[in-house]
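Next comes protein-v6.csv, with CSV, C-alpha atoms.
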chain,number,residue,atom,x,y,z
A,1244,MET,CA,44.7,-82.6,57.1
A,1245,ASP,CA,45.2,-83.3,53.4
A,1246,ALA,CA,47.3,-86.4,54.0
A,1247,SER,CA,44.9,-87.7,56.6
A,1248,LYS,CA,41.9,-87.2,54.3
A,1249,ALA,CA,43.7,-89.0,51.4
A,1250,GLY,CA,44.6,-91.8,53.8
A,1251,GLN,CA,41.1,-92.1,55.1
A,1252,THR,CA,39.6,-92.2,51.6
A,1253,LEU,CA,42.2,-94.8,50.5
A,1254,LYS,CA,41.3,-96.9,53.6
A,1255,ILE,CA,37.6,-96.7,52.7
A,1256,HIS,CA,38.2,-97.8,49.1
A,1257,CYS,CA,40.5,-100.6,50.2
A,1258,SER,CA,38.0,-102.0,52.7
A,1259,ALA,CA,35.0,-101.7,50.3
A,1260,GLN,CA,33.9,-104.2,47.7
A,1261,ARG,CA,37.3,-104.0,45.8
A,1262,PRO,CA,39.8,-105.7,48.0
A,1263,ASP,CA,42.5,-105.5,45.3
A,1264,VAL,CA,42.5,-101.7,45.3
A,1265,CYS,CA,45.5,-101.3,47.6
A,1266,ARG,CA,47.4,-104.0,45.7
A,1267,TRP,CA,47.0,-102.1,42.4
A,1268,LEU,CA,47.8,-98.8,44.0
A,1269,SER,CA,51.1,-100.1,45.2
A,1270,PRO,CA,53.0,-99.0,42.1
A,1271,PHE,CA,51.7,-95.4,42.7
A,1272,ILE,CA,52.8,-95.5,46.3
A,1273,LEU,CA,56.2,-97.0,45.4
A,1274,SER,CA,56.8,-94.4,42.7
A,1275,CYS,CA,55.9,-91.6,45.2
A,1276,CYS,CA,58.4,-93.0,47.6
A,1277,VAL,CA,61.1,-93.2,44.9
A,1278,TYR,CA,60.4,-89.6,44.0
A,1279,PHE,CA,60.5,-88.2,47.5
A,1280,CYS,CA,63.5,-90.4,48.5
A,1281,LEU,CA,65.6,-89.5,45.5
A,1282,TRP,CA,64.6,-85.9,45.7
A,1283,ILE,CA,66.6,-85.0,42.6
A,1284,PRO,CA,67.8,-81.4,42.8
A,1285,GLU,CA,65.8,-79.0,40.6
A,1286,ASP,CA,68.9,-77.8,38.9
A,1287,GLN,CA,69.7,-81.4,37.6
A,1288,LEU,CA,67.7,-81.3,34.4
A,1289,SER,CA,67.5,-84.7,32.8
A,1290,TRP,CA,65.0,-87.1,31.3
A,1291,PHE,CA,65.6,-89.4,34.2
A,1292,ALA,CA,64.4,-86.6,36.6
A,1293,ALA,CA,61.3,-86.1,34.3
A,1294,LEU,CA,60.5,-89.9,34.4
A,1295,ILE,CA,60.8,-90.1,38.1
A,1296,LYS,CA,58.4,-87.1,38.5
A,1297,CYS,CA,55.9,-88.5,35.9
A,1298,LEU,CA,55.7,-92.0,37.2
A,1299,PRO,CA,53.1,-91.5,40.0
A,1300,VAL,CA,50.4,-90.1,37.8
A,1301,LEU,CA,51.2,-92.6,35.0
A,1302,CYS,CA,50.8,-95.3,37.6
A,1303,LEU,CA,47.4,-93.9,38.5
A,1304,ALA,CA,46.4,-94.0,34.8
A,1305,GLY,CA,47.4,-97.6,34.7
A,1306,PHE,CA,45.5,-98.2,38.0
A,1307,LEU,CA,42.3,-96.9,36.3
A,1308,TRP,CA,42.9,-99.1,33.3
A,1309,ILE,CA,43.0,-102.2,35.6
A,1310,MET,CA,40.3,-101.3,38.2
A,1311,SER,CA,37.8,-99.4,36.0
A,1312,PRO,CA,38.5,-100.4,32.4
A,1313,SER,CA,35.2,-99.0,30.9
A,1314,GLY,CA,33.2,-95.8,31.1
A,1315,GLY,CA,33.6,-92.3,29.7
A,1316,TYR,CA,34.4,-90.9,33.2
A,1317,THR,CA,37.4,-93.2,33.5
A,1318,ARG,CA,38.7,-92.4,30.0
A,1319,LEU,CA,38.5,-88.7,30.7
A,1320,LEU,CA,40.4,-89.1,34.0
A,1321,GLN,CA,43.0,-91.2,32.2
A,1322,GLY,CA,43.5,-88.5,29.6
A,1323,ALA,CA,43.8,-85.9,32.3
A,1324,LEU,CA,46.5,-88.0,34.1
A,1325,VAL,CA,48.5,-88.4,30.9
A,1326,CYS,CA,48.3,-84.7,30.2
A,1327,SER,CA,49.4,-84.1,33.8
A,1328,ALA,CA,52.4,-86.4,33.2
A,1329,VAL,CA,53.3,-84.3,30.1
A,1330,GLY,CA,53.1,-81.2,32.2
A,1331,ASP,CA,55.2,-82.7,35.0
A,1332,ALA,CA,57.9,-83.5,32.4
A,1333,CYS,CA,57.8,-80.1,30.8
A,1334,LEU,CA,58.2,-78.3,34.2
A,1335,ILE,CA,61.5,-79.9,34.7
A,1336,TRP,CA,62.9,-77.5,32.1
A,1337,PRO,CA,62.3,-73.8,32.8
A,1338,GLU,CA,62.1,-73.0,29.1
A,1339,ALA,CA,59.2,-75.5,28.8
A,1340,PHE,CA,57.1,-73.8,31.4
A,1341,LEU,CA,54.4,-72.6,28.9
A,1342,PRO,CA,54.0,-76.0,27.2
A,1343,GLY,CA,53.8,-77.5,30.7
A,1344,MET,CA,51.1,-75.1,31.8
A,1345,ALA,CA,49.2,-75.8,28.5
A,1346,ALA,CA,49.3,-79.5,29.3
A,1347,PHE,CA,48.0,-79.0,32.8
A,1348,ALA,CA,45.3,-76.7,31.4
A,1349,THR,CA,44.2,-79.5,29.1
A,1350,ALA,CA,44.1,-81.9,32.0
A,1351,HIS,CA,41.9,-79.5,34.0
A,1352,LEU,CA,39.5,-79.2,31.0
A,1353,LEU,CA,39.3,-83.0,30.8
A,1354,TYR,CA,38.5,-83.0,34.5
A,1355,VAL,CA,35.8,-80.4,34.0
A,1356,TRP,CA,34.3,-82.5,31.2
A,1357,ALA,CA,34.4,-85.6,33.4
A,1358,PHE,CA,32.8,-84.0,36.4
A,1359,GLY,CA,29.9,-82.6,34.3
A,1360,PHE,CA,27.6,-79.7,34.9
A,1361,SER,CA,24.9,-81.2,37.0
A,1362,PRO,CA,24.1,-79.9,39.5
A,1363,LEU,CA,25.1,-76.5,38.1
A,1364,GLN,CA,25.4,-74.7,41.5
A,1365,PRO,CA,26.1,-71.1,40.2
A,1366,GLY,CA,26.3,-69.8,43.8
A,1367,LEU,CA,29.4,-72.1,44.4
A,1368,LEU,CA,31.0,-70.6,41.3
A,1369,LEU,CA,30.4,-67.1,42.6
A,1370,LEU,CA,32.0,-68.0,45.9
A,1371,ILE,CA,35.0,-69.5,44.1
A,1372,ILE,CA,35.5,-66.3,42.0
A,1373,LEU,CA,35.2,-64.1,45.1
A,1374,ALA,CA,37.7,-66.2,47.0
A,1375,SER,CA,40.2,-66.9,44.2
A,1376,GLY,CA,39.9,-63.8,42.1
A,1377,PRO,CA,41.9,-61.5,44.4
A,1378,TYR,CA,44.7,-64.0,44.8
A,1379,LEU,CA,44.9,-64.4,41.0
A,1380,SER,CA,45.0,-60.7,40.6
A,1381,LEU,CA,47.8,-60.5,43.2
A,1382,VAL,CA,49.9,-63.1,41.4
A,1383,LEU,CA,49.4,-61.4,38.0
A,1384,GLN,CA,51.0,-58.2,39.4
A,1385,HIS,CA,54.3,-60.1,39.7
A,1386,LEU,CA,54.3,-61.4,36.1
A,1387,GLU,CA,56.2,-60.2,33.0
A,1388,PRO,CA,53.7,-58.7,30.5
A,1389,ASP,CA,54.0,-61.7,28.1
A,1390,MET,CA,53.0,-64.1,30.9
A,1391,VAL,CA,49.9,-62.3,32.2
A,1392,LEU,CA,47.4,-63.7,29.6
A,1393,PRO,CA,48.4,-67.4,29.7
A,1394,VAL,CA,48.6,-67.4,33.6
A,1395,ALA,CA,45.2,-65.6,33.8
A,1396,ALA,CA,43.6,-68.1,31.4
A,1397,TYR,CA,45.1,-71.0,33.4
A,1398,GLY,CA,43.7,-69.4,36.6
A,1399,LEU,CA,40.2,-69.2,35.2
A,1400,ILE,CA,40.4,-72.9,34.1
A,1401,LEU,CA,41.6,-73.8,37.6
A,1402,MET,CA,38.5,-72.0,39.1
A,1403,ALA,CA,36.3,-74.0,36.7
A,1404,VAL,CA,37.7,-77.4,37.7
A,1405,LEU,CA,37.4,-76.4,41.4
A,1406,TRP,CA,33.8,-75.4,40.8
A,1407,ARG,CA,32.9,-78.7,39.0
A,1408,GLY,CA,34.9,-80.9,41.4
A,1409,LEU,CA,33.3,-79.4,44.5
A,1410,ALA,CA,29.8,-79.6,42.9
A,1411,ARG,CA,30.5,-83.3,42.2
A,1412,GLY,CA,31.6,-83.9,45.8
A,1413,GLY,CA,33.2,-87.0,47.3
A,1414,SER,CA,36.9,-87.6,46.8
A,1415,ALA,CA,36.8,-85.6,43.6
A,1416,GLY,CA,35.9,-82.5,45.6
A,1417,TRP,CA,38.8,-83.0,48.1
A,1418,GLY,CA,41.1,-83.7,45.1
A,1419,VAL,CA,40.4,-80.5,43.3
A,1420,LEU,CA,40.8,-78.5,46.6
A,1421,LEU,CA,44.3,-80.0,47.0
A,1422,PHE,CA,45.1,-79.4,43.4
A,1423,THR,CA,44.1,-75.7,43.7
A,1424,LEU,CA,46.3,-75.4,46.9
A,1425,SER,CA,49.2,-77.0,45.1
A,1426,ASP,CA,48.9,-74.8,42.0
A,1427,GLY,CA,48.4,-71.7,44.2
A,1428,MET,CA,51.6,-72.3,46.1
A,1429,LEU,CA,53.5,-73.1,42.9
A,1430,ALA,CA,52.3,-69.8,41.3
A,1431,TRP,CA,53.4,-67.7,44.4
A,1432,ASP,CA,56.7,-69.6,44.8
A,1433,THR,CA,57.5,-69.2,41.0
A,1434,PHE,CA,56.3,-65.6,40.4
A,1435,ALA,CA,56.1,-63.7,43.7
A,1436,GLN,CA,58.6,-65.0,46.2
A,1437,PRO,CA,60.1,-68.3,47.3
A,1438,LEU,CA,58.2,-70.1,50.0
A,1439,PRO,CA,59.9,-72.4,52.7
A,1440,HIS,CA,59.6,-76.1,51.8
A,1441,ALA,CA,57.5,-75.1,48.8
A,1442,ARG,CA,58.5,-78.0,46.6
A,1443,LEU,CA,57.7,-80.6,49.3
A,1444,VAL,CA,54.3,-79.2,50.0
A,1445,ILE,CA,53.5,-78.6,46.3
A,1446,MET,CA,54.3,-82.2,45.3
A,1447,ALA,CA,52.7,-83.8,48.4
A,1448,THR,CA,49.4,-82.0,47.8
A,1449,TYR,CA,49.6,-82.6,44.1
A,1450,CYS,CA,50.1,-86.4,44.4
A,1451,ALA,CA,47.3,-86.6,47.0
A,1452,ALA,CA,45.1,-84.5,44.7
A,1453,GLN,CA,45.6,-86.8,41.8
A,1454,LEU,CA,45.0,-89.9,43.9
A,1455,LEU,CA,41.8,-88.6,45.3
A,1456,ILE,CA,40.4,-87.6,41.9
A,1457,THR,CA,41.5,-91.0,40.6
A,1458,LEU,CA,39.6,-92.8,43.4
A,1459,SER,CA,36.4,-91.0,42.4
A,1460,ALA,CA,36.2,-93.3,39.4
A,1461,LEU,CA,35.7,-96.4,41.5
A,1462,ARG,CA,32.3,-95.3,42.7
A,1463,SER,CA,31.7,-92.5,40.2
A,1464,PRO,CA,28.4,-91.5,41.9
A,1465,VAL,CA,25.8,-89.7,39.9
A,1466,PRO,CA,25.7,-86.1,41.2
A,1467,LYS,CA,22.6,-85.1,43.1
A,1468,THR,CA,20.2,-82.8,41.3
A,1469,ASP,CA,18.6,-79.9,43.0
structure tokens encoding of this file:
Amino acid sequence: MDASKAGQTLKIHCSAQRPDVCRWLSPFILSCCVYFCLWIPEDQLSWFAALIKCLPVLCLAGFLWIMSPSGGYTRLLQGALVCSAVGDACLIWPEAFLPGMAAFATAHLLYVWAFGFSPLQPGLLLLIILASGPYLSLVLQHLEPDMVLPVAAYGLILMAVLWRGLARGGSAGWGVLLFTLSDGMLAWDTFAQPLPHARLVIMATYCAAQLLITLSALRSPVPKTD
């Protein structure tokens, strides 16, 4: 469902008033193909592996620079993509997990800033807390004491970006949903127990999430007010 939704959104944007969207997305698509085809083993720690992992989101940042060169929303998305690339690179090395998580937390805060707070939709926030809170509490039970606070803080930031992305709607809403799914699987696979095909699912949903959020800048609709 996630892949079909991303493909449908991409098709809509490509057939709309921007016929060159697909052309400028080709570096992102190619870099994703390179990443998944090379599939560098996780125990091969190198700057080359970090570069291959970072390229897709860096290509999306370049895509925004070409397709939507002005506007605060675009600049915030570009900053979030660059922070995400830093996080991707850090997570190559296990000892850099905390800096990587901090980089992704910064990316999420930039997304929250970009999505804005109108409409507020406090009821949506309550639903997200009720749905995500128990899962976060379950994950925290598997952590070492020194990891509980940073992971809990990251979880709260992730709930915030999910709230604001869903409130904004459109491809941004689908993007934050996939981002939350990706991070949720990563947390369980890292801290609780290994999941089958976890890396493949995590990276596929992550790349689709970043693409969908990026595409939201092309229309950047003003959120409806209640």
I'd like to know which of A:Thr1433, A:Gln1384, A:Thr1457, A:Ser1313 is closest to Gly1418 of chain A, using all atoms listed in the file.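 Ranking A:Thr1433, A:Gln1384, A:Thr1457, A:Ser1313 by distance to Gly1418 of chain A, first place goes to A:Thr1457.
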Mind checking which residues fall within 12 Å of Thr1448 of chain A, counting only C-alpha atoms, ignoring those fewer than 2 positions away in the same chain, and posting them as a PyMOL selection string? chain A and resi 1244-1249+1275+1417-1429+1441-1446+1450-1455
Any chance you could tabulate, as a tab-separated table, the residues of segment 1312-1391 of chain A at most 10 Å from segment 1285-1300 of chain A with each one's nearest atom pair and distance in Å to one decimal, using only C-alpha atoms, in chain and rising number order?
residue	atom	partner	partner_atom	distance
A:Gln1321	CA	A:Val1300	CA	9.3
A:Ala1323	CA	A:Val1300	CA	9.6
A:Leu1324	CA	A:Val1300	CA	5.8
A:Val1325	CA	A:Val1300	CA	7.4
A:Cys1326	CA	A:Val1300	CA	9.6
A:Ser1327	CA	A:Val1300	CA	7.3
A:Ala1328	CA	A:Cys1297	CA	4.9
A:Val1329	CA	A:Cys1297	CA	7.6
A:Gly1330	CA	A:Cys1297	CA	8.6
A:Asp1331	CA	A:Cys1297	CA	5.9
A:Ala1332	CA	A:Ala1293	CA	4.7
A:Cys1333	CA	A:Ala1293	CA	7.8
A:Leu1334	CA	A:Ala1293	CA	8.4
A:Ile1335	CA	A:Ala1293	CA	6.2
A:Trp1336	CA	A:Leu1288	CA	6.5
A:Pro1337	CA	A:Leu1288	CA	9.4
Atoms to include: C-alpha atoms. Write the selected residues as a tab-separated table (two decimals), keeping the file's coordinate frame.
chain	number	residue	atom	x	y	z
A	1321	GLN	CA	43.00	-91.20	32.20
A	1323	ALA	CA	43.80	-85.90	32.30
A	1324	LEU	CA	46.50	-88.00	34.10
A	1325	VAL	CA	48.50	-88.40	30.90
A	1326	CYS	CA	48.30	-84.70	30.20
A	1327	SER	CA	49.40	-84.10	33.80
A	1328	ALA	CA	52.40	-86.40	33.20
A	1329	VAL	CA	53.30	-84.30	30.10
A	1330	GLY	CA	53.10	-81.20	32.20
A	1331	ASP	CA	55.20	-82.70	35.00
A	1332	ALA	CA	57.90	-83.50	32.40
A	1333	CYS	CA	57.80	-80.10	30.80
A	1334	LEU	CA	58.20	-78.30	34.20
A	1335	ILE	CA	61.50	-79.90	34.70
A	1336	TRP	CA	62.90	-77.50	32.10
A	1337	PRO	CA	62.30	-73.80	32.80
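With atom CA of Leu1409 of chain A on one side and atom CA of Phe1358 of chain A on the other, the separation reads 9.3 Å.
For the pair atom CA of Thr1349 of chain A and atom CA of His1385 of chain A, the separation is 24.3 Å.
Atom to atom, atom CA of Arg1407 of chain A and atom CA of Leu1461 of chain A stand 18.1 Å apart.
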Residue among A:Tyr1354, A:Trp1406, A:Phe1340, A:Tyr1316 lying closest to Leu1367 of chain A, counting all atoms listed in the file: A:Trp1406
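With all atoms listed in the file as the basis for measurement, A:Ser1269 is the residue among A:Gln1436, A:Ser1269, A:Ser1380, A:Ser1375 that approaches Phe1306 of chain A most closely.
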Selection: 12 Å around Ala1403 of chain A, only C-alpha atoms, excl. self and same-chain fewer than 6 positions, as number ranges by chain: A: 1348, 1351-1356, 1358-1360, 1363-1365, 1367-1372, 1375, 1396-1397, 1409-1410, 1419-1420, 1423
Nearest residue to Leu1319 of chain A from the set A:Ala1346, A:Ala1460, A:Leu1401, A:Cys1280 (distances using only C-alpha atoms): A:Ala1460
Judged by all atoms listed in the file, the minimum distance to Leu1341 of chain A among A:Cys1302, A:Met1310, A:Val1391, A:Leu1281 is found for A:Val1391
Smallest atom-to-atom distance to Ser1274 of chain A: which of A:Gly1376, A:Ser1459, A:Leu1303, A:Leu1399, using all atoms listed in the file?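 Checking each candidate against Ser1274 of chain A, we get A:Leu1303 as the closest.
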